[in-house]
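Read the structure below first, then the notes.
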Amino acid sequence: MSDTSPTWWRAGVHADRRPFLLARNRITRAFRAWFEARGFEEIEAAALQVSPGNEAHLHAFATQALTTSGEASPLYLHTSPEFACKKLLAAGETKIFSLGKVWRNRERGPLHHPEFTMLEWYRAGEPYQSLMDDCADLLALAAETAGGRRFDFRGMACDPFAEPERLTVAEAFDRHAGVDLLASIAADGATDRDALAAAARAAGIRVAEDDGWADIFSRIIVEKVEPRLGEGRATVLCEYPISEAALARPKADDPRVAERFELYACGVELANAFGELTDPAEQRRRFRIEMDEKARIYGEQYPIDEDFLAALAHMPEASGAALGFDRLALLAAGARRIEDVLWTPVAG
């Protein structure tokens with residue numbers, strides 16, 4: 001069955017997928033119990049939002065709300081419950097999690113689906129290193145619940161019970177690409193496109209004349225770094241350049257990088273986490289940069305959620321993580337593609 005096949009409901013196809021789906025259900029129950037045992041409250045974020053998020057390369061599904069008189073106002077299916085969760089932190093919640101559907105357009109493939117399940121959780125007053133420990137626990141719990149001892153995917157193996165490797169982005173660039181990333185970032189976080197371009201070309205990476213620093217950074221990550229992460233054990237890739245962490249606060253002892261990490265297993269990105277930025281003026285500035293970049297590349301922008309920025313001024317120091325639940329269920333259950341662990345895939 002292809003990733004866009006409409007025949008998932010045929011009895012034979014469903015019988016093949018059903019063991020993966022039942023494993024997914026067991027993991028769902030186990031994760032909810034894990035969070036509840038640690039004092040988290042489960043929340044439900046409204047799917048319809050005035051802004052779907054303000055990251056340049058995220059694409060949303062747009063709709064509109066009609067008043068009783070027929071007047072229309074734009075709304076979007078959220079790409080993450082992040083804005084809603086942070087508003088709840090501003091309201092006084094301290095430990096919350098959301099396990100629900102999100103939507104992202106222009107995404108479909110073995111590891112991508114336009115509608116998928118995201119696990120997102122927040123800890124007020126705790127450092128983002130606490131989320132690294134959470135991720136390690138959840139990897140082991142998913143494997144144990146599914147009945148497996150290791151993850152195998154695309155020729156890579158990962159022990160989900162081993163302590164994850166912690167690797168900075170700069171270390172990963174040096175180890176896997178031979179690139180000195182921080183040499184292209186000034187003390188104030190400003191980036192030097194030409195310096196990174198020269199280093200990338202020396203590493204055998206194609207660089208186009210109109211590529212910006214962020215384009216080159218992404219190409220090095222995709223071609224040289226990501227395929228090597230999470231082999232043998234999971235990798236926590238941390239300390240992203242501040243320009244690549246629009247919602248994260250700077251690292252206290254090095255403002256060139258941010259309190260952001262991503263979790264990888266078998267070369268698959270599973271989670272993205274931040275020490276959360278709580279400065280509304282700085283957040284607005286970063287959103288505008290992201291939307292200018294979106295306009296440059298895609299010719300469109302999304303509105304800024306002014307209510308979110310207002311709430312940010314009241315939000316406590318916190319850390320938050322978002323984990324692609326379907327991808328983790330895929331690895332834990334031994335599936336090969338994301339549609340194997342979706343009860344009813346979207347037609348396409």
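As shown in the structure tokens, the chain order sets the letters A, B, ...; within each chain, residues go from 1, and ligands are also counted from 1 in the order they appear.
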
Any idea what's packed within 10 Å of Ala90 in chain A, counting only C-alpha atoms, ignoring anything in its chain fewer than 6 positions away? Could you give it as a list in words?
Ala84, Ala124, Phe308, Ala310, Ala311, Leu312, Ala313, His314, Met315, Pro316 and Glu317 of chain A

Include C-alpha atoms and write out the residues we just selected as a PDB file, in the first residue's frame.
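Once written, part01.pdb looks like this:
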ATOM      1  CA  ALA A  84      -2.810  27.648  23.776  1.00  0.00           C
ATOM      2  CA  ALA A 124       6.797  25.765  34.792  1.00  0.00           C
ATOM      3  CA  PHE A 308      -0.577  35.148  22.737  1.00  0.00           C
ATOM      4  CA  ALA A 310      -0.209  39.598  25.722  1.00  0.00           C
ATOM      5  CA  ALA A 311      -0.258  36.307  27.652  1.00  0.00           C
ATOM      6  CA  LEU A 312       3.500  35.883  27.250  1.00  0.00           C
ATOM      7  CA  ALA A 313       4.078  38.887  29.505  1.00  0.00           C
ATOM      8  CA  HIS A 314       2.360  36.933  32.312  1.00  0.00           C
ATOM      9  CA  MET A 315       3.860  33.527  31.604  1.00  0.00           C
ATOM     10  CA  PRO A 316       6.287  32.118  34.177  1.00  0.00           C
ATOM     11  CA  GLU A 317       9.706  30.757  33.303  1.00  0.00           C
TER      12      GLU A 317
END

Can you check which residues of range 80-117 of chain A DSSP gives as alpha helix (DSSP H) on the backbone and send them as a VMD selection string?
chain A and resid 82 to 91

Go ahead and save the picked residues with C-alpha atoms, as an mmCIF file, in the first residue's frame.
data_model
loop_
_atom_site.group_PDB
_atom_site.id
_atom_site.type_symbol
_atom_site.label_atom_id
_atom_site.label_comp_id
_atom_site.auth_asym_id
_atom_site.auth_seq_id
_atom_site.Cartn_x
_atom_site.Cartn_y
_atom_site.Cartn_z
ATOM 1 C CA GLU A 82 1.885 25.648 21.790
ATOM 2 C CA PHE A 83 0.188 29.045 21.894
ATOM 3 C CA ALA A 84 -2.810 27.648 23.776
ATOM 4 C CA CYS A 85 -0.607 25.814 26.271
ATOM 5 C CA LYS A 86 1.433 28.912 27.011
ATOM 6 C CA LYS A 87 -1.735 30.902 27.615
ATOM 7 C CA LEU A 88 -2.694 28.270 30.189
ATOM 8 C CA LEU A 89 0.700 28.677 31.857
ATOM 9 C CA ALA A 90 0.014 32.418 32.013
ATOM 10 C CA ALA A 91 -3.342 31.587 33.597
#

Quick one: contact table of range 210-243 of chain A to range 279-299 of chain A, 12 Å max, nearest atom pair and distance in Å to one decimal per residue, counting only C-alpha atoms, chain and number order, as a Markdown table?
| residue | atom | partner | partner_atom | distance |
| --- | --- | --- | --- | --- |
| A:Asp210 | CA | A:Ile297 | CA | 11.1 |
| A:Asp211 | CA | A:Ile297 | CA | 10.8 |
| A:Gly212 | CA | A:Glu293 | CA | 10.2 |
| A:Trp213 | CA | A:Glu293 | CA | 11.9 |
| A:Ala214 | CA | A:Glu293 | CA | 10.1 |
| A:Asp215 | CA | A:Ile297 | CA | 10.8 |
| A:Ile242 | CA | A:Arg286 | CA | 10.2 |
| A:Ser243 | CA | A:Arg286 | CA | 8.6 |

Would you save the residues of that selection, restricted to N, CA, C and O atoms, as an mmCIF file, in the first residue's frame?
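As a result, part.cif now contains:
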data_model
loop_
_atom_site.group_PDB
_atom_site.id
_atom_site.type_symbol
_atom_site.label_atom_id
_atom_site.label_comp_id
_atom_site.auth_asym_id
_atom_site.auth_seq_id
_atom_site.Cartn_x
_atom_site.Cartn_y
_atom_site.Cartn_z
ATOM 1 N N ASP A 210 21.698 32.193 -4.224
ATOM 2 C CA ASP A 210 20.665 32.895 -3.461
ATOM 3 C C ASP A 210 20.357 32.229 -2.119
ATOM 4 O O ASP A 210 19.410 32.625 -1.431
ATOM 5 N N ASP A 211 21.119 31.232 -1.717
ATOM 6 C CA ASP A 211 20.924 30.612 -0.408
ATOM 7 C C ASP A 211 21.328 31.572 0.703
ATOM 8 O O ASP A 211 22.430 32.161 0.657
ATOM 9 N N GLY A 212 20.476 31.700 1.708
ATOM 10 C CA GLY A 212 20.839 32.452 2.897
ATOM 11 C C GLY A 212 21.530 31.552 3.908
ATOM 12 O O GLY A 212 21.673 30.342 3.710
ATOM 13 N N TRP A 213 21.954 32.147 5.015
ATOM 14 C CA TRP A 213 22.623 31.375 6.065
ATOM 15 C C TRP A 213 21.734 30.235 6.534
ATOM 16 O O TRP A 213 22.207 29.098 6.697
ATOM 17 N N ALA A 214 20.444 30.511 6.756
ATOM 18 C CA ALA A 214 19.527 29.485 7.258
ATOM 19 C C ALA A 214 19.357 28.343 6.258
ATOM 20 O O ALA A 214 19.235 27.180 6.654
ATOM 21 N N ASP A 215 19.351 28.662 4.963
ATOM 22 C CA ASP A 215 19.243 27.622 3.936
ATOM 23 C C ASP A 215 20.447 26.686 3.984
ATOM 24 O O ASP A 215 20.310 25.466 3.895
ATOM 25 N N ILE A 242 20.791 30.737 17.857
ATOM 26 C CA ILE A 242 19.642 31.523 18.306
ATOM 27 C C ILE A 242 18.730 31.887 17.137
ATOM 28 O O ILE A 242 17.496 31.977 17.292
ATOM 29 N N SER A 243 19.287 32.028 15.943
ATOM 30 C CA SER A 243 18.475 32.368 14.765
ATOM 31 C C SER A 243 17.604 31.204 14.319
ATOM 32 O O SER A 243 16.682 31.398 13.517
#

Given only C-alpha atoms as the counted atoms, nearest of A:Ala33, A:Met118, A:Ala65, A:Ala136 to Ala322 in chain A:
A:Met118

Ile304 in chain A: which residues within 7 Å, counting only C-alpha atoms, same-chain residues fewer than 2 positions away excluded, as a PyMOL selection string?
chain A and resi 51+302+306

Neighbouring residues of Val346 in chain A were defined as those with any atom within 8 Å, considering only C-alpha atoms; residues of the same chain fewer than 6 positions away were excluded. Please report them as a short mmCIF file (atom, residue, chain, number, x, y, z; two decimals) with N, CA and C atoms, in the first residue's frame.
data_model
loop_
_atom_site.label_atom_id
_atom_site.label_comp_id
_atom_site.auth_asym_id
_atom_site.auth_seq_id
_atom_site.Cartn_x
_atom_site.Cartn_y
_atom_site.Cartn_z
N HIS A 113 2.54 13.26 7.67
CA HIS A 113 1.12 13.12 7.35
C HIS A 113 0.47 14.47 7.62
N PRO A 114 -0.51 14.87 6.81
CA PRO A 114 -1.11 16.20 7.01
C PRO A 114 -1.85 16.35 8.34
N GLU A 115 -2.37 15.25 8.87
CA GLU A 115 -3.00 15.26 10.21
C GLU A 115 -2.26 14.23 11.04
#

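In terms of minimum interatomic distance to Pro74 in chain A, A:Pro303 ranks closest within A:Ile27, A:Glu144, A:Met156, A:Pro303, counting only C-alpha atoms.
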
Counting only C-alpha atoms, the option among A:Ala45, A:Ala15, A:Ala318, A:Ala146 closest to Leu119 in chain A
A:Ala45

Show me, as a Markdown table, the residues of range 130-238 of chain A having an atom within 10 Å of range 251-275 of chain A, each with the closest atom pair and its distance in Å, using only C-alpha atoms.
| residue | atom | partner | partner_atom | distance |
| --- | --- | --- | --- | --- |
| A:Leu131 | CA | A:Ala273 | CA | 7.4 |
| A:Met132 | CA | A:Leu263 | CA | 8.3 |
| A:Cys135 | CA | A:Leu263 | CA | 7.7 |
| A:Ala136 | CA | A:Leu263 | CA | 9.2 |
| A:Leu139 | CA | A:Ala265 | CA | 9.2 |
| A:Phe151 | CA | A:Cys266 | CA | 7.3 |
| A:Asp152 | CA | A:Cys266 | CA | 6.9 |
| A:Phe153 | CA | A:Cys266 | CA | 6.0 |
| A:Arg154 | CA | A:Cys266 | CA | 7.7 |
| A:Gly155 | CA | A:Cys266 | CA | 8.3 |
| A:Met156 | CA | A:Cys266 | CA | 5.2 |
| A:Ala157 | CA | A:Cys266 | CA | 5.9 |
| A:Cys158 | CA | A:Cys266 | CA | 5.9 |
| A:Asp159 | CA | A:Ala265 | CA | 8.7 |
| A:Pro160 | CA | A:Ala265 | CA | 8.1 |
| A:Pro164 | CA | A:Leu263 | CA | 8.8 |
| A:Glu165 | CA | A:Leu263 | CA | 9.7 |
| A:Arg166 | CA | A:Phe261 | CA | 9.4 |
| A:Leu167 | CA | A:Phe261 | CA | 9.3 |
| A:Thr168 | CA | A:Phe261 | CA | 8.5 |
| A:Val169 | CA | A:Phe261 | CA | 8.9 |
| A:Ala170 | CA | A:Val257 | CA | 9.5 |
| A:Leu182 | CA | A:Arg256 | CA | 8.0 |
| A:Ile185 | CA | A:Arg256 | CA | 6.7 |
| A:Ala186 | CA | A:Arg256 | CA | 6.9 |
| A:Ala187 | CA | A:Arg256 | CA | 5.8 |
| A:Asp188 | CA | A:Arg256 | CA | 6.3 |
| A:Gly189 | CA | A:Arg256 | CA | 4.6 |
| A:Ala190 | CA | A:Arg256 | CA | 8.1 |
| A:Thr191 | CA | A:Arg256 | CA | 9.4 |
| A:Val225 | CA | A:Gly267 | CA | 9.0 |
| A:Glu226 | CA | A:Gly267 | CA | 5.7 |
| A:Pro227 | CA | A:Gly267 | CA | 4.9 |
| A:Arg228 | CA | A:Gly267 | CA | 6.1 |
| A:Leu229 | CA | A:Gly267 | CA | 5.0 |
| A:Gly230 | CA | A:Ala265 | CA | 3.9 |
| A:Glu231 | CA | A:Cys266 | CA | 5.4 |
| A:Gly232 | CA | A:Cys266 | CA | 8.0 |
| A:Arg233 | CA | A:Ala265 | CA | 7.0 |
| A:Ala234 | CA | A:Ala265 | CA | 4.7 |
| A:Thr235 | CA | A:Tyr264 | CA | 5.2 |
| A:Val236 | CA | A:Leu263 | CA | 4.7 |
| A:Leu237 | CA | A:Glu262 | CA | 5.2 |
| A:Cys238 | CA | A:Phe261 | CA | 4.0 |

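Using only C-alpha atoms, the smallest distance between any of A:Glu223, A:Ala23, A:Arg337, A:Asp305 and Gly148 in chain A comes from A:Ala23.
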
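CA of Arg29 in chain A lies 28.2 Å from CA of Asn105 in chain A.
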
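If only C-alpha atoms are the atoms counted, then among A:Phe31, A:Phe61, A:Tyr128, A:Trp8 the closest residue to Trp103 in chain A is A:Phe61.
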
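CA of Leu48 in chain A lies 6.1 Å from CA of Leu75 in chain A.
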
For Arg206 in chain A, which of A:Gln129, A:Thr68, A:Ser319, A:Ser218 is the closest residue, counting only C-alpha atoms?
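Counting only C-alpha atoms, the residue closest to Arg206 in chain A is A:Ser218.
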
Between CA of Ala200 in chain A and CA of Ala246 in chain A, measure the distance and give it in Å to one decimal.
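Separating CA of Ala200 in chain A from CA of Ala246 in chain A is a distance of 23.5 Å.
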